[in-house]
Each structure stands twice: as structure tokens, then as C-alpha cells.
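Visitor: Following this message is one structure expressed as C-alpha cells.
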Amino acid sequence: MERRSHEVLDTAYEAGVRYVDVARSYGLAEAFLSSWLGSRDIPFGALTVGSKWGYVYTGGWRMDVDVHEVKDHSVGTFRRQLGETCELLGDWLTLYQIHSVTADDDTLGDRALLRELLRLHDDGLRVGLTVSGPRQAEVVWRALEVEEDGRNPFSSVQATWNLLDPSVSPALADASDHGWTVIVKEVLANGRLTPHDVGVCAAADPLGSVAARHRVGADAVAVAAALANPWASTVLSGAATSSQLLSNLIATTVKLTADDLTELGSLAETPDNYWAARSARPWT
């Protein structure tokens, strides 16, 4: 698994990718990235490395367990996981994010945590949050208004945006207008917008149609649609293999027209329906 991770990272770097996304709860992702950085002649600062804290991986590398990770946004978990991340990534760490803040959380109202995040910001590390769930936009707007000691510690947000659920767009545009970095995740809707699944769902026919016109894969069109958003600073791939990554990167050559984007807009579902379908997907 480590060797395959290194192969994908090699492919990404050679292709010009300069942002890498990991998290404490992504198994050994930080450790694999650390070993790759230590074994390659990459100039310091050539990569932006973002990681996340707030989930504890409990799966033990077993697919049959009921709970794979436990959410904990407490100050204690923040301190512990920051230490663990820094031990592995050291000065390579550029951005540290709260992992998956939802509208039901009280995380953004935890003043003790906000003070810790301000100190992290003052130490020179960028602070952000990732959002999740059907009310993502509400969380982004709430985060924009956070204030502790007259300051907001956040300068970055990572959100789920894809052709099936683009509902967070207005909030991400506002975040961009505030000077925040906007990172887009899950652009392939956890596999629903890939060549593997596009033929399974009748609603995905517009994606196949646009892909055929541009003579590229459905995944490239889905990624290109995310890149077409003027507020998108970085779009994540999530590829598990080099071939998947190279297929995704074809998106950088795809120039979607206004008519393409209108046609693709018909794919949108209600946020509640999208997130219910996402929860029901198998993760094996």
C-alpha cells in the first residue's frame, strides 16, 4: 500500500500537481506521505501539504468493523493530533483543518478551541475547516463570521461540490470573496460520476453526452466542471491509482462551454437526496 501510494505521488508530482491532502484518520496517509517526502529529492516548499484533525481512525485495517472512525473536535484531540501530524510532516505542513464540521456541530462556538486555532495561526500555520452534509453552505457562512479576540482564525475551507450537489456554491463564492482558499473535494461523488458508474444511473446521461462530445472520460468532465468555478482554488482528485489520476488530469485540457455547463446542471439533486445516497454507498 505504501509503495502504491508513492507511485501515485510520483505520478502527481511529475504531472505538476502541487497540493497533497491527508488527514489523521486516513489510516497511514500522513506516514506514507512522510516516507515519500523523505525518499524523494523535492525542494522544500515545492508542495503545499494540507492535513486534517478531528477524527480518530478506529478501523484497525478491517473492513468488517461497524465504526471506522470516531469524530472528536475537542481541544485535547486537537493538541494530540497536531503533535502527531507535526511529528510526521514537520515543516512540510502548510494547512491544518478541522475535519468535517457539520451544521449540527457546536465546534465553531468552542471558544477554547478557537483560541488554540488563533495561536496556531499566529505561529505561521494556515488554519482551515472542511465541511460536510446537506447544510454545508450554512456552516461556511457561520465560519466566515467566527470571531475570537476580534479575529477569525480561518483562511481556508474545503467543501464537497460536484454536479450532483452544487448547492454550496454561493457560500464558497463568498469565502473566495473574503480571500479564503477554497478547496473542492468529492468532485466525482464517491464514484457516481466516473466511467464505472455513469451508465448505471439514467440521470447521468448528460455527463456521458458531454464527455462524448469532448472525447474524454466522464471523470474528466466532472473535474473540469469543478475547475470552471471561478472561486475554486484547488480541486482534489482522490485517485487511488496512477491511471485514475492521469484520467482525472485530462480535465485540465477540457474547456466546457456555457451550453455544456447548462446541460450538466440538470444532474443536480436536492442536497438531502444526495447525502442520503452518499451514506448508502458501500465503502468496500
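Chain lettering (A, B, ...) mirrors the order of the C-alpha cells, residue numbering begins at 1 for each chain separately, and ligand numbering begins at 1 in order of display.
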Would you kindly return, as a list in words, each protein, DNA or RNA residue with an atom no farther than 10 Å from any atom of Ala189 in chain A, considering only C-alpha atoms and excluding same-chain residues fewer than 4 positions away?
Guide: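 Near Ala189 in chain A, the qualifying residues are Thr160, Trp161, Asn162, Leu163, Leu164, Asp165, Lys185, Leu193, Thr194, Ala222, Tyr274, Trp275 and Arg278 of chain A.
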Visitor: I'd like to know which residues of range 4-239 of chain A are strand (DSSP E or B) (by DSSP, run on the backbone); could you write them as a ChimeraX atom specification?
Guide: /A:19-21,48-53,55-57,69-71,93-101,126-131,148,151,156-160,162,165,181-185,234-235
Visitor: If we count only C-alpha atoms and set the cut-off at 8 Å, which residues sit around Tyr57 in chain A, ignoring sequence neighbours fewer than 2 positions away in its own chain? Please answer as number ranges by chain.
Guide: A: 24-27, 55, 59-60, 68-70
Visitor: Within 10 Å of range 117-134 of chain A, which residues of range 139-230 of chain A show up? Give each one with its shortest atom-to-atom distance in Å (one decimal) and the two atoms involved, counting only C-alpha atoms, rows by chain then rising residue number, as CSV.
Guide:
residue,atom,partner,partner_atom,distance
A:Val139,CA,A:Val131,CA,6.9
A:Val140,CA,A:Val131,CA,7.4
A:Ala143,CA,A:Leu129,CA,8.5
A:Glu148,CA,A:Leu118,CA,8.1
A:Asp149,CA,A:Leu118,CA,9.0
A:Arg151,CA,A:Leu118,CA,8.0
A:Asn152,CA,A:Leu118,CA,7.6
A:Pro153,CA,A:Leu118,CA,5.0
A:Phe154,CA,A:Gly128,CA,5.0
A:Ser155,CA,A:Gly128,CA,5.8
A:Ser156,CA,A:Gly128,CA,4.4
A:Val157,CA,A:Leu129,CA,5.1
A:Gln158,CA,A:Thr130,CA,4.4
A:Ala159,CA,A:Val131,CA,5.2
A:Thr160,CA,A:Ser132,CA,6.6
A:Trp161,CA,A:Ser132,CA,10.0
A:Asp165,CA,A:Pro134,CA,8.7
A:Ser167,CA,A:Pro134,CA,8.4
A:Val168,CA,A:Pro134,CA,8.8
A:Trp180,CA,A:Gly128,CA,9.0
A:Thr181,CA,A:Gly128,CA,8.8
A:Val182,CA,A:Gly128,CA,9.7
A:Ile183,CA,A:Thr130,CA,8.7
A:Val184,CA,A:Thr130,CA,9.6
A:Lys185,CA,A:Thr130,CA,9.2
Visitor: Would you put the residues from that selection into a file with N, CA and C atoms, as a compact mmCIF listing (two decimals), in the first residue's frame?
Guide:
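This is the output file part.txt:
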# COMPACT_ATOMS: atom_id res chain seq x y z
N VAL A 139 -22.74 26.14 7.21
CA VAL A 139 -21.51 26.05 8.01
C VAL A 139 -20.46 27.03 7.49
N VAL A 140 -20.31 27.13 6.18
CA VAL A 140 -19.33 28.06 5.61
C VAL A 140 -19.66 29.49 6.01
N ALA A 143 -18.78 30.02 9.55
CA ALA A 143 -17.33 30.10 9.75
C ALA A 143 -16.79 31.47 9.34
N GLU A 148 -12.94 35.56 17.48
CA GLU A 148 -12.41 35.33 18.82
C GLU A 148 -11.29 36.34 19.03
N ASP A 149 -11.40 37.13 20.09
CA ASP A 149 -10.44 38.21 20.34
C ASP A 149 -10.36 39.15 19.14
N ARG A 151 -10.70 38.42 15.99
CA ARG A 151 -10.10 37.86 14.79
C ARG A 151 -10.75 36.53 14.42
N ASN A 152 -10.62 36.19 13.15
CA ASN A 152 -11.09 34.91 12.64
C ASN A 152 -9.86 34.06 12.31
N PRO A 153 -9.71 32.87 12.91
CA PRO A 153 -8.51 32.07 12.65
C PRO A 153 -8.48 31.42 11.29
N PHE A 154 -9.63 31.35 10.62
CA PHE A 154 -9.73 30.58 9.39
C PHE A 154 -9.37 31.41 8.16
N SER A 155 -8.73 30.74 7.21
CA SER A 155 -8.46 31.37 5.91
C SER A 155 -8.62 30.37 4.77
N SER A 156 -9.25 29.22 5.05
CA SER A 156 -9.40 28.18 4.04
C SER A 156 -10.62 27.32 4.37
N VAL A 157 -11.30 26.87 3.34
CA VAL A 157 -12.42 25.95 3.53
C VAL A 157 -12.36 24.88 2.44
N GLN A 158 -12.65 23.65 2.84
CA GLN A 158 -12.73 22.52 1.91
C GLN A 158 -14.15 21.97 1.97
N ALA A 159 -14.80 21.91 0.82
CA ALA A 159 -16.21 21.51 0.79
C ALA A 159 -16.47 20.51 -0.32
N THR A 160 -17.52 19.73 -0.15
CA THR A 160 -17.98 18.83 -1.20
C THR A 160 -18.76 19.64 -2.23
N TRP A 161 -18.28 19.58 -3.46
CA TRP A 161 -19.01 20.18 -4.58
C TRP A 161 -18.88 19.24 -5.76
N ASP A 165 -24.43 17.67 -6.39
CA ASP A 165 -24.77 18.59 -5.31
C ASP A 165 -23.89 19.84 -5.37
N SER A 167 -24.93 22.75 -4.31
CA SER A 167 -25.68 23.72 -3.50
C SER A 167 -24.81 24.64 -2.65
N VAL A 168 -23.57 24.26 -2.40
CA VAL A 168 -22.69 25.07 -1.56
C VAL A 168 -22.05 26.23 -2.34
N TRP A 180 -10.43 33.76 1.19
CA TRP A 180 -10.13 32.41 1.64
C TRP A 180 -9.73 31.51 0.45
N THR A 181 -8.89 30.53 0.75
CA THR A 181 -8.63 29.45 -0.19
C THR A 181 -9.83 28.52 -0.19
N VAL A 182 -10.30 28.14 -1.36
CA VAL A 182 -11.45 27.23 -1.48
C VAL A 182 -10.98 25.94 -2.14
N ILE A 183 -11.06 24.85 -1.38
CA ILE A 183 -10.63 23.53 -1.85
C ILE A 183 -11.89 22.69 -2.07
N VAL A 184 -11.98 22.09 -3.24
CA VAL A 184 -13.17 21.31 -3.61
C VAL A 184 -12.85 19.83 -3.50
N LYS A 185 -13.69 19.10 -2.78
CA LYS A 185 -13.50 17.66 -2.61
C LYS A 185 -14.69 16.90 -3.18
Visitor: Residues at most 8 Å from Leu264 in chain A, counting only C-alpha atoms, excluding those fewer than 5 positions away in the same chain, as an MDAnalysis selection string?
Guide: chainID A and resid 163 206:207 210
Visitor: For the residues in that selection, give me C-alpha atoms as a compact mmCIF listing (two decimals), in the first residue's frame.
Guide:
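Result saved to out.txt:
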# COMPACT_ATOMS: atom_id res chain seq x y z
CA LEU A 163 -22.50 18.08 -10.39
CA PRO A 206 -25.96 14.38 -19.70
CA LEU A 207 -22.50 13.66 -18.31
CA VAL A 210 -20.84 15.98 -22.79
Visitor: Could you pull out the helix (DSSP H, G or I) residues of range 22-76 of chain A from DSSP and send them as a VMD selection string?
Guide: chain A and resid 29 to 39 75 to 76
Visitor: Which of these residues is nearest to Asn229 in chain A, using only C-alpha atoms: A:Pro170, A:Pro195, A:Gly208, A:Gly90?
Guide: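 Ranking A:Pro170, A:Pro195, A:Gly208, A:Gly90 by distance to Asn229 in chain A, first place goes to A:Pro170.
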Visitor: Tell me, in Å to one decimal, how far CA of Leu37 in chain A is from CA of Thr58 in chain A.
Guide: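 Value for the CA of Leu37 in chain A-CA of Thr58 in chain A distance: 25.9 Å.
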Visitor: Closest to Leu249 in chain A among A:Val223, A:Ala276, A:Ile42, A:Ala228, using only C-alpha atoms?
Guide: A:Val223
Visitor: I'd like the neighbourhood of Ala46 in chain A as a ChimeraX atom specification, where a residue qualifies if any of its atoms comes within 10 Å (using only C-alpha atoms), though same-chain residues fewer than 3 positions away should be ignored.
Guide: /A:13,18-19,42-43,49,92
Visitor: Kindly export the residues of the current selection with N, CA and C atoms, as a PDB file, in the first residue's frame.
Guide:
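The file below, selection.pdb, is the result:
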ATOM      1  N   TYR A  13       3.292  14.395  -8.873  1.00  0.00           N
ATOM      2  CA  TYR A  13       4.336  15.433  -8.876  1.00  0.00           C
ATOM      3  C   TYR A  13       4.884  15.643 -10.289  1.00  0.00           C
ATOM      4  N   ARG A  18       0.641  20.082  -7.181  1.00  0.00           N
ATOM      5  CA  ARG A  18       1.453  20.674  -6.112  1.00  0.00           C
ATOM      6  C   ARG A  18       0.687  20.820  -4.796  1.00  0.00           C
ATOM      7  N   TYR A  19      -0.478  20.203  -4.685  1.00  0.00           N
ATOM      8  CA  TYR A  19      -1.203  20.172  -3.410  1.00  0.00           C
ATOM      9  C   TYR A  19      -1.463  18.725  -3.046  1.00  0.00           C
ATOM     10  N   ILE A  42      12.763  16.455  -3.438  1.00  0.00           N
ATOM     11  CA  ILE A  42      11.797  17.517  -3.723  1.00  0.00           C
ATOM     12  C   ILE A  42      12.189  18.766  -2.940  1.00  0.00           C
ATOM     13  N   PRO A  43      12.373  19.880  -3.598  1.00  0.00           N
ATOM     14  CA  PRO A  43      12.768  21.105  -2.886  1.00  0.00           C
ATOM     15  C   PRO A  43      11.734  21.478  -1.832  1.00  0.00           C
ATOM     16  N   VAL A  49       1.079  21.126   1.589  1.00  0.00           N
ATOM     17  CA  VAL A  49       0.559  19.935   2.267  1.00  0.00           C
ATOM     18  C   VAL A  49      -0.534  20.354   3.243  1.00  0.00           C
ATOM     19  N   TRP A  92       6.817  20.625   6.526  1.00  0.00           N
ATOM     20  CA  TRP A  92       6.069  20.490   5.281  1.00  0.00           C
ATOM     21  C   TRP A  92       4.597  20.858   5.463  1.00  0.00           C
TER      22      TRP A  92
END
Visitor: One decimal, Å: what's the distance from CA of Val22 in chain A over to CA of Asn190 in chain A, could you say?
Guide: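 Spanning CA of Val22 in chain A to CA of Asn190 in chain A is a straight-line distance of 16.7 Å.
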Visitor: Which one is closest to Asp259 in chain A: A:Glu87, A:Ser51, A:Arg281, A:Ser209? Count only C-alpha atoms.
Guide: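 Counting only C-alpha atoms, the residue closest to Asp259 in chain A is A:Ser209.
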Visitor: Counting only C-alpha atoms, which of A:Thr234, A:Thr48, A:Thr11, A:Ser39 gets nearest to Ser247 in chain A?
Guide: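 Of A:Thr234, A:Thr48, A:Thr11, A:Ser39, the one nearest Ser247 in chain A is A:Thr11, counting only C-alpha atoms.
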Visitor: Looking at only C-alpha atoms, which of A:Trp61, A:Phe78, A:Trp141, A:Trp36 is the one that sits closest to Val8 in chain A?
Guide: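 With only C-alpha atoms as the atom set, the closest residue is A:Trp36.
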